[in-house]
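Below is query_24.cif, holding mmCIF, C-alpha atoms.
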```cif
data_input
#
loop_
_atom_site.label_atom_id
_atom_site.label_comp_id
_atom_site.auth_asym_id
_atom_site.auth_seq_id
_atom_site.Cartn_x
_atom_site.Cartn_y
_atom_site.Cartn_z
CA MET A 1463 89.86 106.26 122.06
CA PRO A 1464 89.14 102.66 123.15
CA GLY A 1465 90.42 101.49 126.51
CA SER A 1466 93.32 99.09 127.01
CA ARG A 1467 91.04 96.04 127.18
CA GLU A 1468 89.37 96.88 123.86
CA LEU A 1469 92.75 97.52 122.21
CA GLU A 1470 94.05 94.16 123.37
CA LEU A 1471 90.85 92.40 122.26
CA PHE A 1472 91.39 93.78 118.77
CA GLY A 1473 95.08 92.79 118.94
CA ASN A 1474 93.98 89.15 119.08
CA HIS A 1475 92.94 89.61 115.43
CA LEU A 1476 95.85 91.75 114.22
CA ILE A 1477 99.02 91.09 112.20
CA LEU A 1478 101.01 94.32 112.42
CA GLY A 1479 103.92 95.66 110.38
CA ILE A 1480 107.03 97.15 112.02
CA SER A 1481 108.54 100.42 110.81
CA GLY A 1482 112.21 99.45 110.34
CA THR A 1483 115.20 97.42 111.55
CA LYS A 1484 114.67 98.70 115.11
CA LEU A 1485 111.51 99.45 117.06
CA SER A 1486 110.45 103.10 116.88
CA ASP A 1487 108.53 104.75 119.71
CA ASP A 1488 105.33 104.26 117.65
CA ASP A 1489 106.15 100.56 117.26
CA LYS A 1490 106.70 100.18 120.99
CA ARG A 1491 103.45 101.96 121.80
CA ALA A 1492 101.42 99.93 119.28
CA LEU A 1493 102.91 96.62 120.38
CA SER A 1494 102.38 97.45 124.06
CA GLU A 1495 98.81 98.73 123.67
CA LEU A 1496 97.45 96.46 120.94
CA LYS A 1497 99.46 93.31 121.72
CA PRO A 1498 99.04 91.97 118.15
CA VAL A 1499 98.93 88.22 117.70
CA GLY A 1500 101.43 88.45 114.86
CA ALA A 1501 103.90 90.55 112.90
CA ILE A 1502 104.58 90.87 109.16
CA PHE A 1503 108.05 91.70 107.87
CA PHE A 1504 109.30 93.45 104.74
CA GLY A 1505 112.64 94.44 103.24
CA LYS A 1506 112.71 97.52 105.48
CA ASN A 1507 113.05 95.23 108.53
CA PHE A 1508 116.37 93.73 107.37
CA ILE A 1509 119.72 95.51 107.21
CA ASP A 1510 121.01 95.12 103.67
CA GLY A 1511 124.60 95.41 102.43
CA VAL A 1512 126.20 93.91 105.55
CA PRO A 1513 127.48 90.39 106.30
CA TYR A 1514 124.95 87.63 106.96
CA GLN A 1515 125.75 87.31 110.65
CA VAL A 1516 125.31 91.07 111.16
CA TRP A 1517 121.83 91.39 109.62
CA LEU A 1518 120.74 88.10 111.16
CA ALA A 1519 121.72 89.26 114.68
CA SER A 1520 119.85 92.53 114.11
CA PHE A 1521 116.72 90.68 112.97
CA GLN A 1522 116.89 88.34 115.96
CA GLU A 1523 116.99 91.35 118.27
CA LEU A 1524 113.97 92.84 116.45
CA ILE A 1525 111.92 89.65 116.87
CA ASP A 1526 112.89 89.38 120.55
CA GLN A 1527 111.80 92.97 121.15
CA ILE A 1528 108.49 92.46 119.37
CA ARG A 1529 107.68 89.56 121.69
CA GLU A 1530 108.82 91.58 124.71
CA TYR A 1531 106.67 94.64 123.96
CA ALA A 1532 103.65 92.59 122.84
CA GLU A 1533 104.06 90.43 125.96
CA ARG A 1534 103.51 87.30 123.90
CA ASP A 1535 105.73 84.23 123.85
CA SER A 1536 103.79 82.73 120.95
CA MET A 1537 103.14 84.84 117.86
CA PHE A 1538 102.64 84.44 114.13
CA MET A 1539 105.93 85.68 112.65
CA THR A 1540 105.09 86.13 108.99
CA LEU A 1541 106.72 86.94 105.68
CA ASP A 1542 105.67 87.29 102.04
CA HIS A 1543 108.22 84.92 100.55
CA GLU A 1544 107.03 83.50 97.24
CA GLY A 1545 110.16 83.81 95.10
CA GLY A 1546 110.49 85.95 91.98
CA ARG A 1547 109.99 89.61 92.91
CA VAL A 1548 108.25 88.72 96.20
CA VAL A 1549 111.36 88.22 98.35
CA ARG A 1550 112.14 90.53 101.28
CA THR A 1551 115.31 89.05 102.72
CA PRO A 1552 118.96 89.92 101.98
CA LEU A 1553 121.48 87.40 100.67
CA PRO A 1554 122.49 84.67 101.32
CA ILE A 1555 118.81 83.66 101.76
CA THR A 1556 117.99 81.98 98.45
CA ARG A 1557 116.17 83.94 95.75
CA PHE A 1558 114.09 81.20 94.17
CA PRO A 1559 112.43 81.97 90.83
CA TYR A 1560 108.74 82.69 90.29
CA ALA A 1561 106.18 79.98 91.03
CA ALA A 1562 105.55 79.59 87.28
CA LEU A 1563 109.08 78.21 86.87
CA LEU A 1564 109.04 75.70 89.74
CA ARG A 1565 106.92 73.02 88.01
CA SER A 1566 107.82 69.53 89.30
CA GLN A 1567 110.27 71.01 91.82
CA ALA A 1568 107.69 73.06 93.73
CA ARG A 1569 107.61 70.73 96.73
CA GLU A 1570 111.40 70.54 96.98
CA VAL A 1571 111.70 74.33 96.69
CA ALA A 1572 109.09 74.77 99.44
CA LYS A 1573 111.04 72.46 101.75
CA ALA A 1574 114.25 74.41 101.16
CA THR A 1575 112.37 77.70 101.63
CA ALA A 1576 110.84 76.44 104.87
CA ARG A 1577 114.25 75.56 106.24
CA GLU A 1578 115.47 79.08 105.52
CA LEU A 1579 112.35 80.72 106.97
CA LYS A 1580 112.68 78.72 110.18
CA SER A 1581 116.27 79.98 110.50
CA LEU A 1582 114.84 83.53 110.52
CA GLY A 1583 112.32 82.74 113.27
CA ILE A 1584 109.47 82.86 110.72
CA ASN A 1585 106.61 80.39 111.16
CA VAL A 1586 104.06 81.61 108.55
CA SER A 1587 104.68 82.10 104.84
CA TRP A 1588 102.01 84.07 102.98
CA SER A 1589 102.10 81.51 100.18
CA PRO A 1590 101.26 79.71 97.96
CA ALA A 1591 99.38 81.87 95.49
CA ALA A 1592 96.35 79.83 94.38
CA ASP A 1593 95.56 82.34 91.66
CA ILE A 1594 95.47 81.29 88.00
CA TYR A 1595 97.53 83.25 85.47
CA SER A 1596 94.52 83.53 83.18
CA ASN A 1597 94.91 87.17 82.14
CA PRO A 1598 98.21 87.88 80.32
CA HIS A 1599 97.79 91.61 81.10
CA ASN A 1600 97.55 91.05 84.87
CA PRO A 1601 99.96 93.56 86.46
CA VAL A 1602 100.11 92.01 89.94
CA ILE A 1603 99.91 88.19 89.67
CA GLY A 1604 101.41 86.96 86.38
CA PRO A 1605 104.18 84.39 87.00
CA ARG A 1606 103.50 84.49 90.75
CA ALA A 1607 100.83 81.89 89.87
CA PHE A 1608 101.84 78.25 89.42
CA GLY A 1609 100.00 77.90 86.12
CA ASN A 1610 97.60 79.38 83.58
CA THR A 1611 94.98 76.63 83.93
CA PRO A 1612 93.02 75.56 87.03
CA GLU A 1613 94.75 72.16 86.96
CA THR A 1614 98.35 73.39 86.71
CA ALA A 1615 97.76 76.15 89.26
CA ALA A 1616 96.19 73.65 91.68
CA GLN A 1617 98.92 71.07 91.19
CA GLY A 1618 101.76 73.54 91.79
CA ALA A 1619 100.14 75.33 94.72
CA LEU A 1620 99.30 72.04 96.42
CA ALA A 1621 102.83 70.67 96.00
CA TYR A 1622 104.30 73.90 97.38
CA TYR A 1623 101.95 73.93 100.38
CA LEU A 1624 102.76 70.30 101.20
CA GLY A 1625 106.48 71.10 101.12
CA LEU A 1626 105.99 73.96 103.59
CA GLN A 1627 103.73 71.87 105.80
CA GLU A 1628 106.10 68.89 105.93
CA SER A 1629 108.91 71.21 107.00
CA GLY A 1630 107.07 73.03 109.80
CA ILE A 1631 105.94 76.29 108.15
CA LEU A 1632 102.28 77.35 107.98
CA GLY A 1633 101.10 78.05 104.45
CA CYS A 1634 98.32 80.36 103.33
CA ALA A 1635 96.32 80.09 100.09
CA LYS A 1636 95.84 83.49 98.44
CA HIS A 1637 94.10 85.57 97.09
CA PHE A 1638 90.54 84.22 97.58
CA PRO A 1639 88.46 83.87 95.45
CA GLY A 1640 91.14 84.52 92.80
CA HIS A 1641 93.19 87.51 91.58
CA GLY A 1642 94.53 85.99 88.36
CA ASP A 1643 92.04 87.49 85.91
CA THR A 1644 92.36 91.16 86.90
CA SER A 1645 93.93 93.86 84.75
CA THR A 1646 94.45 96.30 87.64
CA ASP A 1647 96.53 96.11 90.82
CA SER A 1648 94.68 96.17 94.16
CA HIS A 1649 97.68 97.85 95.79
CA PHE A 1650 96.65 101.02 93.93
CA GLU A 1651 92.93 100.72 93.01
CA LEU A 1652 89.93 98.43 93.42
CA PRO A 1653 89.81 95.81 90.63
CA VAL A 1654 86.40 94.74 89.34
CA LEU A 1655 85.71 91.27 87.92
CA ASN A 1656 82.37 90.51 86.28
CA LEU A 1657 82.42 86.81 87.08
CA THR A 1658 79.47 84.78 88.32
CA VAL A 1659 79.63 82.19 91.09
CA GLN A 1660 79.52 79.51 88.41
CA ASP A 1661 82.49 81.15 86.64
CA LEU A 1662 84.42 80.89 89.90
CA ARG A 1663 83.39 77.25 90.36
CA ASP A 1664 84.54 76.41 86.84
CA ARG A 1665 87.96 78.00 87.23
CA GLU A 1666 89.13 80.21 90.16
CA LEU A 1667 87.92 78.01 93.02
CA ILE A 1668 89.58 74.80 91.79
CA PRO A 1669 93.08 75.47 93.26
CA PHE A 1670 91.55 76.71 96.52
CA LYS A 1671 89.42 73.57 96.81
CA ALA A 1672 92.53 71.39 96.36
CA LEU A 1673 94.29 73.27 99.17
CA ILE A 1674 91.24 73.18 101.45
CA ASP A 1675 91.00 69.42 100.91
CA ALA A 1676 94.66 69.22 101.99
CA GLN A 1677 93.69 71.16 105.17
CA ILE A 1678 95.63 74.34 104.53
CA PRO A 1679 95.24 76.35 107.77
CA LEU A 1680 94.97 79.89 106.38
CA ILE A 1681 93.25 81.51 103.41
CA MET A 1682 93.85 85.15 102.46
CA THR A 1683 91.12 87.29 100.95
CA THR A 1684 91.45 89.59 97.95
CA HIS A 1685 90.32 93.20 97.65
CA ILE A 1686 88.34 92.74 94.43
CA LEU A 1687 84.74 93.68 93.69
CA PHE A 1688 82.65 90.94 92.07
CA PRO A 1689 79.47 92.87 91.16
CA GLN A 1690 77.60 89.81 89.86
CA ILE A 1691 78.12 88.10 93.23
CA ASP A 1692 78.14 91.01 95.69
CA PRO A 1693 77.75 94.46 94.10
CA ASP A 1694 78.23 96.34 97.37
CA VAL A 1695 81.62 95.38 98.80
CA PRO A 1696 84.96 93.72 97.88
CA ALA A 1697 85.58 90.07 98.73
CA THR A 1698 87.36 90.90 102.01
CA ILE A 1699 84.10 92.16 103.54
CA SER A 1700 81.61 90.15 101.50
CA GLN A 1701 79.46 87.66 103.39
CA ARG A 1702 78.38 86.09 100.10
CA ILE A 1703 81.99 85.34 99.17
CA LEU A 1704 83.59 84.49 102.53
CA LYS A 1705 80.68 82.92 104.40
CA ASN A 1706 78.51 81.46 101.63
CA ILE A 1707 81.22 80.33 99.20
CA LEU A 1708 84.37 79.82 101.29
CA ARG A 1709 82.91 78.59 104.56
CA GLU A 1710 79.69 76.88 103.49
CA GLU A 1711 80.21 75.70 99.92
CA LEU A 1712 83.94 74.87 100.08
CA GLY A 1713 83.85 73.82 103.75
CA PHE A 1714 86.88 75.82 104.92
CA GLU A 1715 87.14 75.71 108.73
CA GLY A 1716 90.52 77.39 109.19
CA VAL A 1717 91.55 81.02 109.70
CA VAL A 1718 90.49 83.63 107.14
CA VAL A 1719 92.99 86.51 106.95
CA SER A 1720 92.56 89.77 105.07
CA ASP A 1721 95.09 90.86 102.50
CA ASP A 1722 96.90 94.02 103.61
CA LEU A 1723 94.37 96.66 104.63
CA ASP A 1724 96.84 99.41 103.72
CA MET A 1725 96.25 98.64 100.03
CA LYS A 1726 94.45 101.47 98.21
CA ALA A 1727 91.71 99.12 96.99
CA ILE A 1728 90.30 98.97 100.51
CA SER A 1729 92.15 101.27 102.93
CA ASP A 1730 89.55 104.08 102.86
CA ARG A 1731 86.71 101.69 103.71
CA PHE A 1732 88.37 100.91 107.03
CA THR A 1733 88.08 104.55 108.07
CA GLN A 1734 84.29 104.20 107.83
CA SER A 1735 82.26 103.24 110.88
CA GLY A 1736 80.95 99.68 110.83
CA THR A 1737 83.47 98.24 108.37
CA VAL A 1738 85.27 96.13 110.98
CA ALA A 1739 81.98 94.58 112.08
CA ARG A 1740 81.08 93.92 108.47
CA ALA A 1741 84.42 92.14 107.91
CA PHE A 1742 83.98 89.96 111.00
CA ASN A 1743 80.38 89.18 110.08
CA ALA A 1744 81.48 88.26 106.56
CA GLY A 1745 83.89 85.69 107.98
CA CYS A 1746 87.24 87.45 108.32
CA ASP A 1747 89.17 86.41 111.46
CA LEU A 1748 92.53 88.12 111.16
CA PHE A 1749 93.58 91.49 109.73
CA ILE A 1750 96.92 92.51 108.23
CA LEU A 1751 98.04 96.12 108.59
CA SER A 1752 101.53 96.18 107.10
CA ARG A 1753 102.42 99.89 107.55
CA ASN A 1754 104.37 99.34 104.33
CA ILE A 1755 102.24 101.27 101.83
CA ASN A 1756 100.29 103.95 103.67
CA SER A 1757 101.95 106.33 106.13
CA SER A 1758 98.71 106.83 108.08
CA SER A 1759 98.13 103.12 108.65
CA LEU A 1760 98.90 103.23 112.38
CA GLU A 1761 96.15 105.84 112.82
CA ARG A 1762 93.83 103.56 110.85
CA THR A 1763 94.82 100.62 113.07
CA TYR A 1764 93.73 102.54 116.16
CA TYR A 1765 90.59 103.72 114.37
CA MET A 1766 89.76 100.09 113.56
CA ALA A 1767 90.27 99.11 117.19
CA GLY A 1768 87.80 101.85 118.17
CA ASP A 1769 85.34 100.77 115.49
CA PHE A 1770 85.66 97.20 116.78
CA ALA A 1771 84.90 98.32 120.35
CA ASP A 1772 81.93 100.44 119.20
CA ALA A 1773 80.49 97.57 117.16
CA LEU A 1774 80.65 95.23 120.16
CA SER A 1775 78.95 97.77 122.43
CA ASN A 1776 76.19 98.77 119.99
CA GLY A 1777 75.38 95.20 118.94
CA ASN A 1778 76.48 95.44 115.29
CA LEU A 1779 79.06 92.78 116.13
CA LYS A 1780 77.97 89.87 118.30
CA LYS A 1781 80.40 88.57 120.91
CA GLU A 1782 79.89 85.02 119.68
CA VAL A 1783 81.18 85.99 116.20
CA VAL A 1784 84.36 87.43 117.72
CA THR A 1785 84.71 84.48 120.09
CA ALA A 1786 84.48 82.00 117.21
CA ALA A 1787 87.09 83.94 115.22
CA ARG A 1788 89.39 84.20 118.22
CA GLN A 1789 89.02 80.48 118.90
CA ARG A 1790 90.09 79.63 115.36
CA ILE A 1791 93.13 81.89 115.73
CA GLU A 1792 94.07 80.53 119.18
CA ASN A 1793 93.69 76.92 118.03
CA LEU A 1794 96.05 77.61 115.14
CA LEU A 1795 98.54 79.54 117.27
CA ALA A 1796 98.66 76.66 119.76
CA GLN A 1797 99.83 74.39 116.91
CA THR A 1798 102.32 76.91 115.48
CA PRO A 1799 106.01 76.27 116.25
CA GLN A 1800 108.06 79.18 117.60
CA TYR A 1801 111.52 79.15 116.03
CA ILE A 1802 114.83 80.50 117.28
CA VAL A 1803 116.85 82.59 114.82
CA HIS A 1804 120.03 80.79 113.75
CA ALA A 1805 122.54 80.89 110.91
CA LEU A 1806 122.49 78.25 108.19
CA ASP A 1807 125.72 76.67 107.04
CA LYS A 1808 127.24 77.55 103.69
CA ALA A 1809 126.80 74.03 102.27
CA THR A 1810 123.01 74.16 102.81
CA LEU A 1811 122.72 77.56 101.18
CA LEU A 1812 124.84 76.43 98.21
CA GLN A 1813 122.57 73.41 97.78
CA HIS A 1814 119.52 75.69 97.78
CA ALA A 1815 121.18 78.06 95.29
CA GLU A 1816 121.82 75.13 92.94
CA LEU A 1817 118.14 74.17 93.22
CA ALA A 1818 117.11 77.74 92.31
CA ILE A 1819 119.39 77.64 89.26
CA ALA A 1820 118.01 74.23 88.24
CA CYS A 1821 114.44 75.61 88.35
CA SER A 1822 115.47 78.46 86.07
CA PHE A 1823 116.75 76.00 83.48
CA SER A 1824 113.92 73.46 83.62
#
```
Before we go any further, please render this structure as structure tokens.
Amino acid sequence: MPGSRELELFGNHLILGISGTKLSDDDKRALSELKPVGAIFFGKNFIDGVPYQVWLASFQELIDQIREYAERDSMFMTLDHEGGRVVRTPLPITRFPYAALLRSQAREVAKATARELKSLGINVSWSPAADIYSNPHNPVIGPRAFGNTPETAAQGALAYYLGLQESGILGCAKHFPGHGDTSTDSHFELPVLNLTVQDLRDRELIPFKALIDAQIPLIMTTHILFPQIDPDVPATISQRILKNILREELGFEGVVVSDDLDMKAISDRFTQSGTVARAFNAGCDLFILSRNINSSSLERTYYMAGDFADALSNGNLKKEVVTAARQRIENLLAQTPQYIVHALDKATLLQHAELAIACSFS
């Protein structure tokens, strides 16, 4: 078991899920010992079926307690909030339609969404999807993408990111280097895509390049194996994909965050010694452990913290690699607003609801 210093060092690179609407004893222990730099929320963290002011007060108390136990005033408070089926919050928070339906209204929808997220104390939205809906049999992306061509996907994702950015919410381009062409779901198994680097350049990378040029601060990896590029490991721990393509070729200088490490496509790898070092060395800065899919994820979180400590002590992970990753995270956190939970007025929510309806008819 790593010591308290090692646990906290790993916490500087951790976005952690919370078990429910109140902190459990496990939550309190993990927050106190790991001191994660951020939290990720899901439907299980909101009381449903009660009036707005009731669930909002409960969520405010949850956020306050997370900061208290983590002993952090500044944190990344994050939510998957794309619209369509990827909405975690109860009503009256607006249920905007899928990205594919937003078209010319993407920027306006993002501004409205940002206003609502800020009212929840959220400062990071895990959006926009920069994937291309290129495979009609894709079970996980589909209409979550803004388009079925590189140009339409790039245009929509860029407009949505700019709307978030203008309204004070950090956006994150996902799922690098592209999840749109898969026919399997990485929540349940490891997808394999036989694309070359040139294939990616010609299609998948185009939306990401547009967002990088617009200085998007975060890019999320995907748990997909690209055997023609790196036959050994999925993108999340591939130096060829994250370092050579994302960092060097595309010039991304922001924070690279893993997709959820509880997903079946990758969860077992992070119970193997050396995987954390491999992820850092590949170029991953920040790790999401949602505790939303896998009941043993808290054990894996502690295992990863131990693997991190071992890698630092045995030289598999150089301190300068961790320092550079931590610096990127701290630089971003220093620029990240911390919002106070507050209720929105009915007129604003009605206006947003009308916008959602308009998108559905466009």
*Just say which residues the PyMOL selection byres ((chain A and resi 1500) around 12) picks in this file, as a ChimeraX atom specification.*
/A:1473-1480,1493,1496-1499,1501-1503,1525,1528-1529,1532-1541,1584-1586,1719,1748-1752,1791-1792,1795,1798,1800
*Using only C-alpha atoms, which residues sit within 7 Å of range 1637-1642 of chain A once same-chain residues fewer than 6 positions away are excluded, as a list in words?*
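Contacts, in chain order: Ala1591, Ala1592, Asp1593, Ile1594, Tyr1595, Ser1596, Asn1597, Asn1600, Ile1603, Glu1666, Leu1667, Ile1681, Met1682, Thr1683 and Thr1684 of chain A.
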_Test item: residues at most 10 Å from range 1623-1626 of chain A, only C-alpha atoms, excluding those fewer than 4 positions along its chain, as a list in words_ =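 The residues satisfying every condition are Ala1568, Arg1569, Glu1570, Val1571, Ala1572, Lys1573, Ala1574, Thr1575, Ala1576, Arg1577, Leu1579, Asn1585, Val1586, Ser1587, Ser1589, Pro1590, Ala1591, Gly1618, Ala1619, Gly1630, Ile1631, Leu1632, Gly1633, Cys1634, Ala1635, Leu1673, Ala1676, Gln1677 and Ile1678 of chain A.
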_When you count only C-alpha atoms, which of these residues is closest to Val1654 in chain A: A:Thr1810, A:Ser1466, A:Ser1822, A:Gln1690?_
A:Gln1690
Go through the shown structure with the PyMOL selection byres ((chain A and resi 1612) around 8) and write out the matching residues as a CSV table (one decimal) with C-alpha atoms, in the frame of the given file.
```
chain,number,residue,atom,x,y,z
A,1594,ILE,CA,95.5,81.3,88.0
A,1609,GLY,CA,100.0,77.9,86.1
A,1610,ASN,CA,97.6,79.4,83.6
A,1611,THR,CA,95.0,76.6,83.9
A,1613,GLU,CA,94.8,72.2,87.0
A,1614,THR,CA,98.4,73.4,86.7
A,1615,ALA,CA,97.8,76.2,89.3
A,1616,ALA,CA,96.2,73.6,91.7
A,1665,ARG,CA,88.0,78.0,87.2
A,1666,GLU,CA,89.1,80.2,90.2
A,1668,ILE,CA,89.6,74.8,91.8
A,1669,PRO,CA,93.1,75.5,93.3
```
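The gap separating CA of Arg1709 in chain A from CA of Gly1745 in chain A is 7.9 Å, in Å to one decimal.
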*Suppose you want the space between CA of Arg1731 in chain A and CA of Arg1762 in chain A; what is it in Å?*
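Distance between the two atoms: 10.3 Å.
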Which centre and which edge lengths, in Å to one decimal, describe the axis-aligned box that holds all listed atoms of range 1725-1742 of chain A after 5 Å is added on each side, as lines of an AutoDock Vina configuration file?
```
center_x = 88.6
center_y = 97.3
center_z = 104.5
size_x = 25.3
size_y = 24.6
size_z = 25.1
```
_Selection under test: the PyMOL selection byres ((chain A and resi 1744) around 10); residues as JSON, numbers by chain_ = {"A": [1697, 1698, 1699, 1700, 1701, 1702, 1703, 1704, 1705, 1706, 1709, 1738, 1739, 1740, 1741, 1742, 1743, 1745, 1746, 1747, 1783]}
_as a ChimeraX atom specification, please: the residues near Ser1481 in chain A (cut-off 8 Å, only C-alpha atoms, same-chain neighbours under 4 positions excluded)._
/A:1485-1486,1489,1506-1507,1753-1754
*For the point (105.2, 84.0, 97.2) in file coordinates, what residues are within 9 Å, counting only C-alpha atoms? Give the answer as an NGL selection string?*
:A and (1542-1549 or 1560-1561 or 1587-1591 or 1606-1607)
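In this model, the gap between CA of Arg1550 in chain A and CA of Ala1818 in chain A comes to 16.4 Å.
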*asked:* From the options A:Lys1636, A:Tyr1622, A:Pro1693, A:Thr1737, which residue's atoms come nearest to Asn1656 in chain A, counting all atoms listed in the file?
replied: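 Among A:Lys1636, A:Tyr1622, A:Pro1693, A:Thr1737, it is A:Pro1693 that comes nearest to Asn1656 in chain A.
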*Of the candidates A:Ala1562, A:Val1784, A:Ile1674, A:Ile1728, which shows the shortest atom-to-atom distance to Phe1714 in chain A, using all atoms listed in the file?*
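Among the listed residues, A:Ile1674 lies closest to Phe1714 in chain A.
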*Between A:Gln1515, A:Gln1789, A:Ser1581, A:Gln1617, single out the one closest to Arg1565 in chain A, counting only C-alpha atoms.*
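Of A:Gln1515, A:Gln1789, A:Ser1581, A:Gln1617, the one nearest Arg1565 in chain A is A:Gln1617, counting only C-alpha atoms.
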_Which residues are close to Tyr1765 in chain A, i.e. within 12 Å by all atoms listed in the file, leaving aside same-chain residues fewer than 6 positions away? Reply as a PyMOL selection string._
chain A and resi 1463-1464+1468-1469+1472+1496+1729-1738+1758-1759+1771-1772
*Tell me, as number ranges by chain, which residues lie within 9 Å of Ile1555 in chain A, counting all atoms listed in the file; anything in the same chain fewer than 5 positions away does not count.*
A: 1514, 1575, 1578-1579, 1811, 1814-1815
